[in-house]
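A.B. asks: I have a structure here, written as structure tokens, and I will follow up with some questions on it.
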Amino acid sequence: DTEVTQTPKHLVMGMTNKKSLKCEQHMGHRAMYWYKQKAKKPPELMFVYSYEKLSINESVPSRFSPECPNSSLLNLHLHALQPEDSALYLCASSLSGLANTEAFFGQGTRLTVV
Amino acid sequence: DQQVKQNSPSLSVQEGRISILNCDYTNSMFDYFLWYKKYPAEGPTFLISISSIKDKNEDGRFTVFLNKSAKHLSLHIVPSQPGDSAVYFCAAQATSYGKLTFGQGTILTVHP
């Protein structure tokens, strides 16, 4: 199993809604990541979890709240988002949170905030 | 401040020919470099990587070259196939820090 699975694939939410994005991998990877990609831009790192602990928060607004329930799962809880938060949200995993390890990406969740 | 740059937004190549995609970086702390391929509405797919202790890494039709003194790397695809048409991202990492910094991407189109 070399997949990173993200659900849902598409999500439309209002600015007052609370929703969650989910990510799962069964490769035994101990680092998991959330990236955000706007149209025609490269992916930008949001959070890194290493061994189920948050190791990097790239100054992400608190309306995005990550959670790592176990080594295979990663969630991103969304609350009071703005229309400019509409983007493709990518989850990735790697063997460890250190450099020199390739990250494998899921297919992404296309989020639209209305 | 863009630390990883792909200056060619697009590249068009004939099937069977070589595709050369270029990437420049400015952060001298970067010591591991990766290429990803991305189709629309999908996540990036890892292609090939190279450590700064090497200047070349080859995997089938894909070869990555690294010129540390010029802070430049390139991806060669030989022979190019129509299925290679996608957006190619160059990415870089610094030692002990798993964050990937991506370039802007190059759209490769391979014509039959």
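The chains in the structure tokens are called A, B, ... from first to last as shown; in each chain the residues are counted from 1, and the ligands are counted from 1 in the order shown.
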Quick one: residues within 7 Å of Gln14 of chain B, only C-alpha atoms, excluding same-chain residues fewer than 5 positions away - as a PyMOL selection string?

C.D. replies: chain B and resi 110-112

A.B. asks: Determine, for each residue of chain A having at least one atom at most 12 Å from an atom of chain B, the closest pair of atoms and their separation in Å to one decimal, counting only C-alpha atoms; order by chain and ascending number, as CSV.

C.D. replies:
```
residue,atom,partner,partner_atom,distance
A:Thr2,CA,B:Thr45,CA,11.3
A:Glu3,CA,B:Thr45,CA,10.7
A:Val4,CA,B:Gly43,CA,9.6
A:Thr5,CA,B:Gly43,CA,10.4
A:Gln6,CA,B:Gly43,CA,10.0
A:Lys9,CA,B:Ala41,CA,9.3
A:His10,CA,B:Ala41,CA,10.2
A:Arg30,CA,B:Gly98,CA,11.7
A:Ala31,CA,B:Gly98,CA,8.7
A:Met32,CA,B:Gly98,CA,10.0
A:Tyr33,CA,B:Lys99,CA,8.8
A:Trp34,CA,B:Lys99,CA,10.5
A:Tyr35,CA,B:Leu100,CA,9.7
A:Lys36,CA,B:Gly43,CA,11.0
A:Gln37,CA,B:Gly43,CA,9.9
A:Lys38,CA,B:Gln104,CA,11.2
A:Ala39,CA,B:Pro40,CA,10.4
A:Lys40,CA,B:Gln104,CA,7.8
A:Lys41,CA,B:Gln104,CA,5.9
A:Pro42,CA,B:Gln104,CA,5.1
A:Pro43,CA,B:Phe102,CA,6.6
A:Glu44,CA,B:Thr101,CA,7.3
A:Leu45,CA,B:Lys99,CA,6.9
A:Met46,CA,B:Lys99,CA,9.5
A:Phe47,CA,B:Lys99,CA,9.1
A:Val48,CA,B:Lys99,CA,7.9
A:Tyr49,CA,B:Gly98,CA,10.2
A:Ser50,CA,B:Gly98,CA,9.5
A:Ser55,CA,B:Tyr97,CA,10.0
A:Ile56,CA,B:Lys99,CA,8.7
A:Asn57,CA,B:Lys99,CA,10.7
A:Glu58,CA,B:Lys99,CA,9.9
A:Ala87,CA,B:Ala41,CA,11.1
A:Leu88,CA,B:Ala41,CA,8.3
A:Tyr89,CA,B:Gly43,CA,9.2
A:Leu90,CA,B:Gly43,CA,6.7
A:Cys91,CA,B:Gly43,CA,8.5
A:Ala92,CA,B:Gly43,CA,9.0
A:Ser93,CA,B:Gly98,CA,10.4
A:Ser94,CA,B:Gly98,CA,8.8
A:Leu95,CA,B:Gly98,CA,10.3
A:Ser96,CA,B:Gly98,CA,8.0
A:Gly97,CA,B:Gly98,CA,5.0
A:Leu98,CA,B:Gly98,CA,4.6
A:Ala99,CA,B:Gly98,CA,4.6
A:Asn100,CA,B:Tyr32,CA,5.8
A:Thr101,CA,B:Gly98,CA,7.7
A:Glu102,CA,B:Phe46,CA,7.3
A:Ala103,CA,B:Phe46,CA,7.4
A:Phe104,CA,B:Phe46,CA,6.6
A:Phe105,CA,B:Gly43,CA,5.6
A:Gly106,CA,B:Gly43,CA,5.4
A:Gln107,CA,B:Gly43,CA,4.1
A:Gly108,CA,B:Gly43,CA,5.7
A:Thr109,CA,B:Ala41,CA,8.9
A:Arg110,CA,B:Ala41,CA,8.0
A:Leu111,CA,B:Ala41,CA,11.7
```

A.B. asks: What lies within 10 Å of Ser12 of chain B using only C-alpha atoms, ignoring chain neighbours under 6 positions off, as a VMD selection string?

C.D. replies: chain B and resid 19 85 107 to 111

A.B. asks: Find the residues near Val78 of chain B: any atom within 8 Å, counting only C-alpha atoms, skip ones fewer than 2 places away on the same chain, and give them as a PyMOL selection string.

C.D. replies: chain B and resi 16-19+61-62+76+80

A.B. asks: How about saving the chosen residues, N, CA, C and O atoms kept, as a PDB file, in the first residue's frame?

C.D. replies:
```pdb
ATOM      1  N   GLY B  16       9.356  11.467 -28.272  1.00  0.00           N
ATOM      2  CA  GLY B  16      10.610  10.818 -28.631  1.00  0.00           C
ATOM      3  C   GLY B  16      11.841  11.687 -28.405  1.00  0.00           C
ATOM      4  O   GLY B  16      12.963  11.173 -28.326  1.00  0.00           O
ATOM      5  N   ARG B  17      11.617  12.998 -28.275  1.00  0.00           N
ATOM      6  CA  ARG B  17      12.751  13.906 -28.047  1.00  0.00           C
ATOM      7  C   ARG B  17      13.035  14.028 -26.547  1.00  0.00           C
ATOM      8  O   ARG B  17      12.310  13.507 -25.713  1.00  0.00           O
ATOM      9  N   ILE B  18      14.075  14.797 -26.230  1.00  0.00           N
ATOM     10  CA  ILE B  18      14.422  15.034 -24.834  1.00  0.00           C
ATOM     11  C   ILE B  18      13.663  16.245 -24.285  1.00  0.00           C
ATOM     12  O   ILE B  18      13.502  17.254 -24.983  1.00  0.00           O
ATOM     13  N   SER B  19      13.170  16.110 -23.063  1.00  0.00           N
ATOM     14  CA  SER B  19      12.593  17.251 -22.335  1.00  0.00           C
ATOM     15  C   SER B  19      13.584  17.638 -21.256  1.00  0.00           C
ATOM     16  O   SER B  19      14.068  16.773 -20.521  1.00  0.00           O
ATOM     17  N   ARG B  61      13.840   6.596 -17.588  1.00  0.00           N
ATOM     18  CA  ARG B  61      13.889   7.705 -18.548  1.00  0.00           C
ATOM     19  C   ARG B  61      14.204   9.045 -17.896  1.00  0.00           C
ATOM     20  O   ARG B  61      14.382  10.043 -18.595  1.00  0.00           O
ATOM     21  N   PHE B  62      14.257   9.078 -16.583  1.00  0.00           N
ATOM     22  CA  PHE B  62      14.432  10.343 -15.848  1.00  0.00           C
ATOM     23  C   PHE B  62      15.846  10.444 -15.266  1.00  0.00           C
ATOM     24  O   PHE B  62      16.326   9.509 -14.626  1.00  0.00           O
ATOM     25  N   HIS B  76      15.971  15.687 -16.902  1.00  0.00           N
ATOM     26  CA  HIS B  76      15.951  15.273 -18.300  1.00  0.00           C
ATOM     27  C   HIS B  76      15.024  14.070 -18.437  1.00  0.00           C
ATOM     28  O   HIS B  76      15.142  13.103 -17.652  1.00  0.00           O
ATOM     29  N   SER B  80      10.793  11.453 -24.441  1.00  0.00           N
ATOM     30  CA  SER B  80       9.547  12.019 -23.922  1.00  0.00           C
ATOM     31  C   SER B  80       8.352  11.288 -24.539  1.00  0.00           C
ATOM     32  O   SER B  80       8.384  10.896 -25.717  1.00  0.00           O
TER      33      SER B  80
END
```

A.B. asks: Between B:Asp55, B:Ser74, B:Gly60, B:Asp1, which residue has the minimum interatomic distance to Asp24 of chain B, considering only C-alpha atoms?

C.D. replies: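 Residue with the minimum atom-to-atom distance to Asp24 of chain B: B:Ser74.
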
A.B. asks: Interatomic distance between atom CA of Leu73 of chain A and atom CA of Val113 of chain A?

C.D. replies: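 Taking atom CA of Leu73 of chain A as the start and atom CA of Val113 of chain A as the end point, the length is 24.2 Å.
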
A.B. asks: Tell me, in Å to one decimal, how far atom CA of Thr112 of chain A is from atom CA of Glu67 of chain A.

C.D. replies: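 Answer for the atom CA of Thr112 of chain A to atom CA of Glu67 of chain A separation: 21.2 Å.
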